[in-house]
file target_33.cif (mmCIF, C-alpha atoms)
data_coords
#
loop_
_atom_site.label_atom_id
_atom_site.label_comp_id
_atom_site.auth_asym_id
_atom_site.auth_seq_id
_atom_site.Cartn_x
_atom_site.Cartn_y
_atom_site.Cartn_z
CA MET U 54 96.99 -85.41 -29.10
CA ILE U 55 95.28 -82.15 -28.14
CA PRO U 56 91.80 -81.87 -29.70
CA ASN U 57 91.41 -79.07 -32.25
CA GLN U 58 88.59 -77.45 -30.29
CA ILE U 59 91.00 -77.05 -27.38
CA LYS U 60 93.71 -75.52 -29.58
CA ARG U 61 91.25 -73.07 -31.11
CA PHE U 62 89.86 -72.22 -27.69
CA ILE U 63 93.33 -71.47 -26.31
CA ALA U 64 94.17 -69.31 -29.34
CA LEU U 65 90.93 -67.36 -28.98
CA PHE U 66 91.16 -66.78 -25.23
CA SER U 67 94.82 -65.73 -25.55
CA GLU U 68 93.50 -62.58 -27.25
CA LEU U 69 91.69 -61.35 -24.14
CA PRO U 70 93.38 -58.29 -22.57
CA GLY U 71 96.19 -59.32 -20.21
CA VAL U 72 95.86 -63.03 -21.05
CA GLY U 73 98.64 -65.13 -22.66
CA PRO U 74 98.59 -68.68 -24.00
CA ARG U 75 99.46 -70.13 -20.59
CA GLN U 76 96.54 -68.53 -18.76
CA ALA U 77 94.29 -69.34 -21.72
CA SER U 78 95.27 -73.03 -21.30
CA ARG U 79 94.39 -72.83 -17.62
CA PHE U 80 90.97 -71.37 -18.52
CA THR U 81 90.41 -74.13 -21.07
CA PHE U 82 91.10 -77.07 -18.77
CA TRP U 83 89.25 -75.31 -15.97
CA PHE U 84 86.17 -75.19 -18.22
CA VAL U 85 86.59 -78.86 -19.18
CA ARG U 86 86.80 -79.79 -15.50
CA GLN U 87 83.74 -77.70 -14.61
CA GLY U 88 81.71 -79.61 -17.17
CA PRO U 89 79.17 -78.71 -19.87
CA SER U 90 76.63 -76.94 -17.62
CA VAL U 91 79.10 -74.35 -16.31
CA THR U 92 80.62 -73.89 -19.77
CA SER U 93 77.14 -73.32 -21.22
CA GLU U 94 76.48 -70.69 -18.56
CA TYR U 95 79.50 -68.71 -19.78
CA SER U 96 78.44 -69.20 -23.38
CA HIS U 97 75.00 -67.86 -22.49
CA ALA U 98 76.45 -64.84 -20.63
CA LEU U 99 78.46 -63.93 -23.73
CA ARG U 100 75.38 -64.23 -25.91
CA GLN U 101 73.41 -62.00 -23.52
CA LEU U 102 76.21 -59.46 -23.71
CA ALA U 103 76.11 -59.54 -27.51
CA ASP U 104 72.31 -59.31 -27.63
CA LYS U 105 71.33 -57.05 -24.75
CA VAL U 106 74.16 -54.64 -24.06
CA GLY U 107 74.32 -51.56 -26.24
CA VAL U 108 76.89 -48.79 -26.51
CA CYS U 109 75.54 -45.27 -25.91
CA LYS U 110 75.65 -43.23 -29.13
CA ASP U 111 76.63 -40.08 -27.23
CA CYS U 112 79.21 -41.17 -24.63
CA PHE U 113 80.11 -44.79 -25.61
CA PHE U 114 79.31 -46.15 -22.13
CA VAL U 115 77.16 -49.29 -21.93
CA PHE U 116 73.40 -49.58 -21.43
CA ASP U 117 70.70 -52.26 -21.32
CA SER U 118 69.48 -52.20 -24.92
CA SER U 119 66.41 -54.29 -24.08
CA LYS U 120 65.13 -51.41 -21.93
CA SER U 121 66.03 -48.36 -24.01
CA GLU U 122 64.98 -47.55 -27.54
CA GLU U 123 66.94 -44.31 -27.71
CA ARG U 124 70.41 -45.87 -27.83
CA LEU U 125 71.34 -43.68 -24.86
CA CYS U 126 72.82 -44.77 -21.52
CA GLU U 127 71.19 -43.92 -18.19
CA ILE U 128 73.52 -40.99 -17.58
CA CYS U 129 73.07 -39.35 -20.99
CA SER U 130 69.28 -39.72 -20.75
CA ASP U 131 69.12 -38.38 -17.16
CA PRO U 132 67.54 -34.86 -17.23
CA LYS U 133 69.17 -33.98 -13.89
CA ARG U 134 72.74 -34.11 -15.23
CA ASN U 135 74.58 -30.86 -16.02
CA ARG U 136 74.85 -30.80 -19.81
CA ARG U 137 77.36 -27.95 -19.84
CA LEU U 138 80.10 -30.06 -18.26
CA LEU U 139 81.82 -33.00 -19.93
CA ALA U 140 84.46 -35.39 -18.56
CA VAL U 141 86.59 -37.20 -21.15
CA LEU U 142 87.77 -40.59 -19.82
CA GLU U 143 89.97 -43.39 -21.06
CA LYS U 144 87.69 -46.30 -20.21
CA GLU U 145 84.36 -47.52 -18.86
CA THR U 146 85.74 -48.55 -15.46
CA ASP U 147 87.06 -44.99 -14.99
CA LEU U 148 83.47 -43.79 -15.40
CA ILE U 149 82.28 -46.19 -12.69
CA THR U 150 84.97 -44.91 -10.30
CA PHE U 151 84.06 -41.31 -11.19
CA GLU U 152 80.39 -41.96 -10.35
CA LYS U 153 81.32 -43.49 -7.00
CA THR U 154 82.82 -40.17 -5.84
CA LYS U 155 79.36 -38.52 -6.16
CA SER U 156 81.39 -35.36 -6.91
CA PHE U 157 80.56 -35.02 -10.60
CA ASN U 158 77.19 -34.28 -12.12
CA GLY U 159 78.15 -33.66 -15.75
CA LEU U 160 78.20 -35.97 -18.76
CA TYR U 161 80.96 -38.27 -20.01
CA TYR U 162 82.83 -39.28 -23.11
CA VAL U 163 84.65 -42.65 -23.13
CA LEU U 164 87.63 -42.64 -25.54
CA GLY U 165 88.23 -46.39 -25.13
CA ASP U 166 92.01 -45.94 -24.98
CA THR U 167 94.84 -43.40 -24.79
CA ILE U 168 96.98 -42.41 -27.78
CA ASN U 169 99.29 -45.09 -29.08
CA PRO U 170 102.24 -43.05 -30.43
CA LEU U 171 102.65 -45.57 -33.27
CA ASP U 172 99.07 -45.09 -34.41
CA GLN U 173 98.94 -42.46 -37.19
CA ASN U 174 95.18 -42.68 -37.04
CA TRP U 175 94.75 -42.04 -33.32
CA GLN U 176 92.07 -39.36 -33.83
CA LYS U 177 89.85 -41.97 -35.47
CA SER U 178 90.80 -44.73 -32.99
CA LEU U 179 89.86 -42.48 -30.06
CA LYS U 180 86.65 -41.27 -31.75
CA VAL U 181 87.75 -37.61 -31.79
CA PRO U 182 85.64 -36.71 -34.87
CA GLU U 183 82.55 -38.05 -33.04
CA LEU U 184 83.49 -35.95 -30.01
CA LEU U 185 83.86 -32.79 -32.10
CA GLU U 186 80.50 -33.48 -33.73
CA ARG U 187 78.89 -33.96 -30.34
CA LEU U 188 80.33 -30.64 -29.14
CA SER U 189 79.04 -28.77 -32.18
CA LYS U 190 75.58 -30.41 -32.12
CA SER U 191 74.97 -30.19 -28.36
CA GLU U 192 71.67 -28.38 -27.61
CA GLN U 193 73.18 -26.76 -24.54
CA LYS U 194 76.66 -25.46 -25.23
CA ILE U 195 79.36 -27.43 -23.40
CA GLU U 196 81.28 -24.87 -21.35
CA GLU U 197 83.94 -27.03 -19.75
CA ILE U 198 85.69 -30.24 -20.76
CA ILE U 199 87.68 -32.07 -18.07
CA LEU U 200 90.36 -34.27 -19.61
CA ALA U 201 90.40 -36.88 -16.84
CA LEU U 202 93.12 -39.12 -18.23
CA PRO U 203 95.76 -41.23 -16.48
CA GLN U 204 98.99 -39.64 -15.22
CA THR U 205 101.11 -41.85 -17.47
CA ALA U 206 103.24 -40.95 -20.51
CA ARG U 207 100.44 -42.01 -22.85
CA GLY U 208 97.80 -40.28 -20.74
CA GLU U 209 99.81 -37.03 -20.73
CA LEU U 210 100.32 -37.21 -24.49
CA THR U 211 96.59 -37.74 -24.96
CA THR U 212 95.77 -34.77 -22.71
CA GLU U 213 98.10 -32.52 -24.72
CA GLU U 214 96.86 -33.62 -28.13
CA LEU U 215 93.19 -33.46 -27.13
CA SER U 216 93.66 -29.98 -25.63
CA ARG U 217 94.84 -28.86 -29.07
CA ALA U 218 92.13 -30.73 -30.98
CA LEU U 219 89.31 -29.43 -28.76
CA ALA U 220 90.48 -25.80 -28.54
CA PRO U 221 88.32 -24.65 -31.51
CA SER U 222 85.16 -25.74 -29.65
CA GLY U 223 85.55 -22.70 -27.39
CA ALA U 224 84.99 -24.80 -24.23
CA LYS U 225 87.31 -24.30 -21.25
CA ILE U 226 89.69 -27.27 -21.15
CA THR U 227 90.70 -28.46 -17.66
CA ARG U 228 92.44 -31.51 -16.20
CA LEU U 229 92.32 -33.26 -12.82
CA GLY U 230 94.19 -31.69 -9.91
CA ARG U 231 97.64 -33.09 -9.18
CA GLY U 232 99.15 -33.59 -5.74
CA LEU U 233 99.60 -36.09 -2.94
CA PRO U 234 97.16 -39.02 -2.89
CA ARG U 235 95.39 -39.93 0.35
CA GLY U 236 97.69 -41.79 2.76
CA ALA U 237 100.85 -40.66 0.98
CA GLU U 238 104.13 -40.56 2.90
CA ILE U 239 106.38 -37.66 1.85
CA GLU U 240 109.42 -39.96 2.05
CA PHE U 241 108.08 -42.37 -0.54
CA THR U 242 106.46 -39.86 -2.90
CA ASP U 243 108.04 -39.58 -6.34
CA GLU U 244 109.63 -36.25 -7.27
CA GLU U 245 107.12 -35.45 -9.99
CA THR U 246 104.17 -35.77 -7.61
CA LEU U 247 105.89 -33.87 -4.81
CA ARG U 248 106.89 -31.07 -7.19
CA ALA U 249 103.24 -30.77 -8.30
CA ALA U 250 102.04 -30.79 -4.69
CA ILE U 251 104.49 -28.01 -3.71
CA GLN U 252 103.48 -25.84 -6.66
CA ARG U 253 99.77 -26.37 -5.94
CA ARG U 254 99.97 -25.90 -2.16
CA GLU U 255 96.70 -24.58 -0.79
CA MET Q 1438 73.73 -47.39 -13.84
CA ILE Q 1439 75.59 -50.57 -14.83
CA PRO Q 1440 73.33 -52.97 -16.76
CA ASN Q 1441 72.56 -56.22 -14.94
CA GLN Q 1442 73.99 -58.32 -17.77
CA ILE Q 1443 77.32 -56.56 -17.22
CA LYS Q 1444 77.24 -57.14 -13.46
CA ARG Q 1445 76.43 -60.82 -13.93
CA PHE Q 1446 79.12 -61.12 -16.58
CA ILE Q 1447 81.78 -59.60 -14.32
CA ALA Q 1448 80.73 -61.85 -11.41
CA LEU Q 1449 80.89 -64.93 -13.63
CA PHE Q 1450 84.25 -64.16 -15.25
CA SER Q 1451 85.76 -63.30 -11.83
CA GLU Q 1452 85.52 -67.02 -11.08
CA LEU Q 1453 88.01 -68.01 -13.78
CA PRO Q 1454 91.36 -69.19 -12.34
CA GLY Q 1455 93.69 -66.25 -11.64
CA VAL Q 1456 91.06 -63.64 -12.57
CA GLY Q 1457 89.70 -61.05 -10.14
CA PRO Q 1458 86.85 -58.55 -10.50
CA ARG Q 1459 89.14 -55.93 -12.01
CA GLN Q 1460 90.38 -58.14 -14.85
CA ALA Q 1461 86.84 -59.48 -15.33
CA SER Q 1462 85.66 -55.87 -15.84
CA ARG Q 1463 88.39 -55.36 -18.41
CA PHE Q 1464 87.23 -58.51 -20.25
CA THR Q 1465 83.62 -57.31 -20.18
CA PHE Q 1466 84.22 -53.88 -21.66
CA TRP Q 1467 86.70 -55.37 -24.10
CA PHE Q 1468 83.93 -57.67 -25.37
CA VAL Q 1469 81.48 -54.77 -25.58
CA ARG Q 1470 84.00 -52.79 -27.61
CA GLN Q 1471 84.73 -55.73 -29.94
CA GLY Q 1472 81.04 -55.96 -30.77
CA PRO Q 1473 78.50 -58.78 -31.12
CA SER Q 1474 80.28 -60.81 -33.82
CA VAL Q 1475 83.47 -61.29 -31.78
CA THR Q 1476 81.47 -61.96 -28.62
CA SER Q 1477 79.40 -64.59 -30.46
CA GLU Q 1478 82.62 -66.26 -31.62
CA TYR Q 1479 83.65 -66.76 -27.99
CA SER Q 1480 80.19 -67.94 -27.06
CA HIS Q 1481 80.40 -70.48 -29.90
CA ALA Q 1482 83.87 -71.68 -28.81
CA LEU Q 1483 82.52 -72.35 -25.31
CA ARG Q 1484 79.59 -74.27 -26.73
CA GLN Q 1485 81.96 -76.37 -28.88
CA LEU Q 1486 84.00 -77.08 -25.78
CA ALA Q 1487 80.87 -78.20 -23.90
CA ASP Q 1488 79.61 -80.31 -26.80
CA LYS Q 1489 82.68 -81.81 -28.41
CA VAL Q 1490 85.37 -82.17 -25.77
CA GLY Q 1491 85.12 -85.24 -23.58
CA VAL Q 1492 87.08 -86.30 -20.53
CA CYS Q 1493 88.77 -89.70 -20.81
CA LYS Q 1494 87.15 -92.23 -18.47
CA ASP Q 1495 90.51 -93.81 -17.65
CA CYS Q 1496 92.96 -90.90 -17.24
CA PHE Q 1497 90.76 -87.74 -17.18
CA PHE Q 1498 92.68 -86.07 -20.01
CA VAL Q 1499 90.65 -84.47 -22.82
CA PHE Q 1500 89.67 -85.98 -26.18
CA ASP Q 1501 87.56 -85.08 -29.21
CA SER Q 1502 84.26 -86.75 -28.31
CA SER Q 1503 82.92 -86.33 -31.84
CA LYS Q 1504 85.63 -88.73 -33.06
CA SER Q 1505 85.69 -91.35 -30.32
CA GLU Q 1506 82.85 -93.53 -29.12
CA GLU Q 1507 84.91 -95.27 -26.47
CA ARG Q 1508 85.22 -92.29 -24.10
CA LEU Q 1509 88.99 -92.80 -24.20
CA CYS Q 1510 91.67 -90.25 -25.07
CA GLU Q 1511 94.27 -90.84 -27.80
CA ILE Q 1512 96.91 -91.93 -25.32
CA CYS Q 1513 94.76 -94.46 -23.44
CA SER Q 1514 93.54 -95.98 -26.70
CA ASP Q 1515 97.03 -96.17 -28.24
CA PRO Q 1516 98.12 -99.88 -28.34
CA LYS Q 1517 101.80 -98.85 -28.46
CA ARG Q 1518 101.83 -97.33 -24.96
CA ASN Q 1519 103.31 -99.32 -22.07
CA ARG Q 1520 100.33 -100.29 -19.92
CA ARG Q 1521 102.49 -101.42 -17.00
CA LEU Q 1522 103.67 -97.88 -16.28
CA LEU Q 1523 101.48 -95.04 -14.99
CA ALA Q 1524 102.33 -91.38 -14.32
CA VAL Q 1525 100.09 -89.54 -11.87
CA LEU Q 1526 99.96 -85.80 -12.67
CA GLU Q 1527 98.36 -82.73 -11.16
CA LYS Q 1528 96.91 -81.26 -14.33
CA GLU Q 1529 96.35 -81.50 -18.09
CA THR Q 1530 99.06 -79.00 -19.03
CA ASP Q 1531 101.55 -81.17 -17.08
CA LEU Q 1532 100.63 -84.06 -19.38
CA ILE Q 1533 101.31 -81.92 -22.47
CA THR Q 1534 104.73 -80.96 -21.10
CA PHE Q 1535 105.41 -84.64 -20.26
CA GLU Q 1536 104.60 -85.73 -23.82
CA LYS Q 1537 106.92 -83.08 -25.27
CA THR Q 1538 109.93 -84.73 -23.60
CA LYS Q 1539 109.30 -87.93 -25.65
CA SER Q 1540 110.85 -89.74 -22.65
CA PHE Q 1541 107.73 -91.42 -21.37
CA ASN Q 1542 105.74 -94.18 -23.06
CA GLY Q 1543 103.38 -95.18 -20.24
CA LEU Q 1544 99.86 -94.07 -19.40
CA TYR Q 1545 98.68 -91.16 -17.29
CA TYR Q 1546 96.31 -90.23 -14.52
CA VAL Q 1547 95.31 -86.56 -14.12
CA LEU Q 1548 94.34 -85.75 -10.52
CA GLY Q 1549 93.09 -82.26 -11.39
CA ASP Q 1550 94.70 -80.72 -8.31
CA THR Q 1551 97.01 -81.36 -5.37
CA ILE Q 1552 95.76 -81.94 -1.80
CA ASN Q 1553 94.22 -78.92 -0.15
CA PRO Q 1554 95.07 -79.49 3.55
CA LEU Q 1555 91.69 -77.98 4.54
CA ASP Q 1556 89.81 -80.49 2.40
CA GLN Q 1557 88.76 -83.47 4.55
CA ASN Q 1558 87.52 -85.12 1.41
CA TRP Q 1559 90.71 -84.84 -0.63
CA GLN Q 1560 90.65 -88.52 -1.68
CA LYS Q 1561 87.36 -87.94 -3.43
CA SER Q 1562 88.37 -84.52 -4.78
CA LEU Q 1563 91.50 -86.03 -6.35
CA LYS Q 1564 89.60 -89.08 -7.68
CA VAL Q 1565 91.69 -91.55 -5.63
CA PRO Q 1566 88.89 -94.18 -5.45
CA GLU Q 1567 88.71 -94.12 -9.28
CA LEU Q 1568 92.48 -94.54 -9.43
CA LEU Q 1569 92.40 -97.54 -7.07
CA GLU Q 1570 89.63 -99.09 -9.12
CA ARG Q 1571 91.63 -98.55 -12.30
CA LEU Q 1572 94.65 -100.25 -10.71
CA SER Q 1573 92.63 -103.27 -9.61
CA LYS Q 1574 90.75 -103.64 -12.92
CA SER Q 1575 93.69 -103.09 -15.25
CA GLU Q 1576 94.06 -106.00 -17.70
CA GLN Q 1577 97.84 -105.74 -17.56
CA LYS Q 1578 99.05 -105.29 -14.00
CA ILE Q 1579 100.49 -101.82 -13.41
CA GLU Q 1580 104.02 -102.42 -12.15
CA GLU Q 1581 105.15 -98.89 -11.51
CA ILE Q 1582 103.41 -95.65 -10.60
CA ILE Q 1583 105.40 -92.43 -10.98
CA LEU Q 1584 104.01 -89.69 -8.74
CA ALA Q 1585 105.02 -86.77 -10.96
CA LEU Q 1586 103.76 -83.96 -8.76
CA PRO Q 1587 105.08 -80.43 -8.21
CA GLN Q 1588 107.95 -79.85 -5.79
CA THR Q 1589 105.82 -77.55 -3.65
CA ALA Q 1590 104.47 -78.04 -0.12
CA ARG Q 1591 101.11 -79.18 -1.46
CA GLY Q 1592 102.76 -81.36 -4.11
CA GLU Q 1593 104.99 -83.03 -1.50
CA LEU Q 1594 102.03 -83.66 0.78
CA THR Q 1595 100.13 -85.19 -2.13
CA THR Q 1596 103.10 -87.42 -3.00
CA GLU Q 1597 103.33 -88.67 0.60
CA GLU Q 1598 99.61 -89.30 1.01
CA LEU Q 1599 99.27 -90.99 -2.37
CA SER Q 1600 102.30 -93.22 -1.66
CA ARG Q 1601 100.44 -94.49 1.38
CA ALA Q 1602 97.08 -94.81 -0.37
CA LEU Q 1603 98.55 -96.67 -3.36
CA ALA Q 1604 100.86 -99.02 -1.41
CA PRO Q 1605 98.26 -101.86 -1.23
CA SER Q 1606 98.17 -102.04 -5.05
CA GLY Q 1607 101.58 -103.73 -4.96
CA ALA Q 1608 102.95 -101.44 -7.67
CA LYS Q 1609 106.38 -99.89 -7.21
CA ILE Q 1610 105.85 -96.23 -6.28
CA THR Q 1611 108.45 -93.82 -7.65
CA ARG Q 1612 108.79 -90.09 -7.92
CA LEU Q 1613 110.61 -87.80 -10.30
CA GLY Q 1614 114.39 -87.44 -9.95
CA ARG Q 1615 115.80 -84.72 -7.74
CA GLY Q 1616 117.06 -82.85 -10.78
CA LEU Q 1617 114.08 -80.58 -10.36
CA PRO Q 1618 114.87 -77.42 -8.44
CA ARG Q 1619 112.88 -76.85 -5.26
CA GLY Q 1620 109.70 -74.83 -5.80
CA ALA Q 1621 109.44 -75.84 -9.47
CA GLU Q 1622 106.07 -76.47 -11.13
CA ILE Q 1623 105.96 -79.28 -13.72
CA GLU Q 1624 104.23 -77.03 -16.21
CA PHE Q 1625 107.02 -74.46 -16.18
CA THR Q 1626 109.95 -76.89 -16.27
CA ASP Q 1627 112.11 -76.93 -19.39
CA GLU Q 1628 112.08 -80.17 -21.37
CA GLU Q 1629 115.73 -81.01 -20.72
CA THR Q 1630 115.34 -80.88 -16.94
CA LEU Q 1631 112.12 -82.87 -17.06
CA ARG Q 1632 113.72 -85.52 -19.32
CA ALA Q 1633 116.61 -85.95 -16.84
CA ALA Q 1634 114.13 -86.22 -13.98
CA ILE Q 1635 112.16 -88.95 -15.76
CA GLN Q 1636 115.34 -90.97 -16.40
CA ARG Q 1637 116.53 -90.61 -12.78
CA ARG Q 1638 113.26 -91.51 -11.10
CA GLU Q 1639 113.90 -93.31 -7.82
#
call {"tool": "encode", "arguments": {"input": "target_33.cif", "output": "structure tokens"}}
result
Amino acid sequence: MIPNQIKRFIALFSELPGVGPRQASRFTFWFVRQGPSVTSEYSHALRQLADKVGVCKDCFFVFDSSKSEERLCEICSDPKRNRRLLAVLEKETDLITFEKTKSFNGLYYVLGDTINPLDQNWQKSLKVPELLERLSKSEQKIEEIILALPQTARGELTTEELSRALAPSGAKITRLGRGLPRGAEIEFTDEETLRAAIQRRE
Amino acid sequence: MIPNQIKRFIALFSELPGVGPRQASRFTFWFVRQGPSVTSEYSHALRQLADKVGVCKDCFFVFDSSKSEERLCEICSDPKRNRRLLAVLEKETDLITFEKTKSFNGLYYVLGDTINPLDQNWQKSLKVPELLERLSKSEQKIEEIILALPQTARGELTTEELSRALAPSGAKITRLGRGLPRGAEIEFTDEETLRAAIQRRE
């Protein structure tokens, strides 16, 4: 009763992050209702993404590959950035948020994920060998590495393991400050955060 | 800093049902990380959907347009279905759930939505003129119309308004049995409950 194209489409779109079969079905019938011209627009956008968006060979952020022949993103190819300072991030959207603060002028490294404790091969999954190679080959020595990872169990594990893995590089390893977020009420702050805020009172 | 293709992609995918800019960003960078071959696969699936999935001219459900020249879905072209009985549904996934009960042998009509109270033009949006035309042109007179709409405020409003709009057709207008709990969506109802509701229609 359900055409095969629809079944395949639902199976494929169920693999998107955070999407299950039910939402994938909603997408599918939404596309059918929008008609061929809207559906083609999405198809085209995906093709553009495949053809014109590159991944920076140094930091793994994205760049417009039709404009650059160096395989470098705008940040890595910007001569005004401080090449002695490196922030290691979980994902691309973290980089965008970082840039919005206008408080950081160094370079980045996008891991793509945090450590999955079941993954024996996490160093490879998180591109740690590539990071070590970048540190050793950098023209200007990287003096400080900020491990700017989420304050979750997996983020903490990743910070610990990376601190160990990056120690031989000789760079100073730091992490983001911990304390009360803007707008926080003492009453509703979790103990872990409050403990950190008391210890780091300034 | 963010390539234009990425910005356009995020804007486009934010329009999918239930997706906001944040999830659309996650999709985008997920695609970039998967690489061009995966991204092309999705692009191809969308093109297949645009090219090979048709919308039935009678009920607005989907069908494989490469197999049918009549522009009719499998249900509407099935001679074994009872053409005197019609179920009016909100959406395609409701039809799939209906079929799974094996308790209904009539035909369908997919509205595509329920009435949005702000929409002055709801009759057109819900394809009511097409439904009235179908009722008047049907070779076998439709004797009963089941308004199988969700038990939500918008669903109830749609049931009331459609009862009025369809009264001149002379068909008996029924609705699903009260076995459905208040607030239930057809799509999420278990088959047993839906089967009881079909049998107890009033």
call {"tool": "atom_distance", "arguments": {"input": "target_33.cif", "atom1": "CA of Glu1511 (chain Q)", "atom2": "CA of Glu1529 (chain Q)"}}
result
13.6 Å
call {"tool": "interface_residues", "arguments": {"input": "target_33.cif", "of": "chain U", "to": "chain Q", "cutoff": "7 Å", "atoms": "only C-alpha atoms", "output": "list in words"}}
result
Met54, Pro56, Gln58, Phe62, Leu69, Pro70, Phe80, Phe82, Gly88, Pro89, Thr92, Ser93, Ser96, His97, Ala98, Leu99, Arg100, Gln101, Leu102, Ala103, Phe116, Asp117, Glu127 and Glu145 of chain U
call {"tool": "calpha_fit_rmsd", "arguments": {"input": "target_33.cif", "fixed": "chain U", "moving": "chain Q"}}
result
5.2 Å
call {"tool": "atom_distance", "arguments": {"input": "target_33.cif", "atom1": "CA of Ala220 (chain U)", "atom2": "CA of Val163 (chain U)"}}
result
18.6 Å
call {"tool": "resolve_selection", "arguments": {"input": "target_33.cif", "expression": "the PyMOL selection byres ((chain Q and resi 1522-1524) around 9)", "output": "PyMOL selection string"}}
result
chain Q and resi 1518-1521+1525-1526+1541-1547+1579-1585
call {"tool": "build_atoms", "arguments": {"input": "target_33.cif", "residues": "region 1553-1571 of chain Q", "atoms": "N, CA and C atoms", "output": "compact mmCIF listing (two decimals), in the coordinates of the input"}}
result
# COMPACT_ATOMS: atom_id res chain seq x y z
N ASN Q 1553 94.45 -80.12 -0.95
CA ASN Q 1553 94.22 -78.92 -0.15
C ASN Q 1553 94.10 -79.38 1.30
N PRO Q 1554 95.05 -78.96 2.18
CA PRO Q 1554 95.07 -79.49 3.55
C PRO Q 1554 93.76 -79.23 4.31
N LEU Q 1555 92.96 -78.26 3.86
CA LEU Q 1555 91.69 -77.98 4.54
C LEU Q 1555 90.56 -78.89 4.05
N ASP Q 1556 90.85 -79.64 3.00
CA ASP Q 1556 89.81 -80.49 2.40
C ASP Q 1556 89.84 -81.87 3.03
N GLN Q 1557 88.85 -82.17 3.90
CA GLN Q 1557 88.76 -83.47 4.55
C GLN Q 1557 88.55 -84.57 3.52
N ASN Q 1558 87.94 -84.18 2.43
CA ASN Q 1558 87.52 -85.12 1.41
C ASN Q 1558 88.47 -85.20 0.24
N TRP Q 1559 89.77 -84.97 0.49
CA TRP Q 1559 90.71 -84.84 -0.63
C TRP Q 1559 90.78 -86.10 -1.49
N GLN Q 1560 90.58 -87.28 -0.89
CA GLN Q 1560 90.65 -88.52 -1.68
C GLN Q 1560 89.61 -88.50 -2.79
N LYS Q 1561 88.42 -88.01 -2.42
CA LYS Q 1561 87.36 -87.94 -3.43
C LYS Q 1561 87.65 -86.82 -4.43
N SER Q 1562 88.09 -85.66 -3.90
CA SER Q 1562 88.37 -84.52 -4.78
C SER Q 1562 89.43 -84.88 -5.83
N LEU Q 1563 90.42 -85.67 -5.42
CA LEU Q 1563 91.50 -86.03 -6.35
C LEU Q 1563 91.24 -87.35 -7.07
N LYS Q 1564 90.02 -87.86 -6.97
CA LYS Q 1564 89.60 -89.08 -7.68
C LYS Q 1564 90.49 -90.29 -7.34
N VAL Q 1565 90.86 -90.42 -6.06
CA VAL Q 1565 91.69 -91.55 -5.63
C VAL Q 1565 90.93 -92.88 -5.71
N PRO Q 1566 89.63 -92.91 -5.32
CA PRO Q 1566 88.89 -94.18 -5.45
C PRO Q 1566 88.88 -94.68 -6.90
N GLU Q 1567 88.70 -93.75 -7.85
CA GLU Q 1567 88.71 -94.12 -9.28
C GLU Q 1567 90.08 -94.67 -9.69
N LEU Q 1568 91.13 -94.07 -9.11
CA LEU Q 1568 92.48 -94.54 -9.43
C LEU Q 1568 92.70 -95.96 -8.90
N LEU Q 1569 92.26 -96.20 -7.66
CA LEU Q 1569 92.40 -97.54 -7.07
C LEU Q 1569 91.61 -98.57 -7.87
N GLU Q 1570 90.43 -98.17 -8.32
CA GLU Q 1570 89.63 -99.09 -9.12
C GLU Q 1570 90.33 -99.40 -10.44
N ARG Q 1571 90.91 -98.34 -11.04
CA ARG Q 1571 91.63 -98.55 -12.30
C ARG Q 1571 92.78 -99.53 -12.11
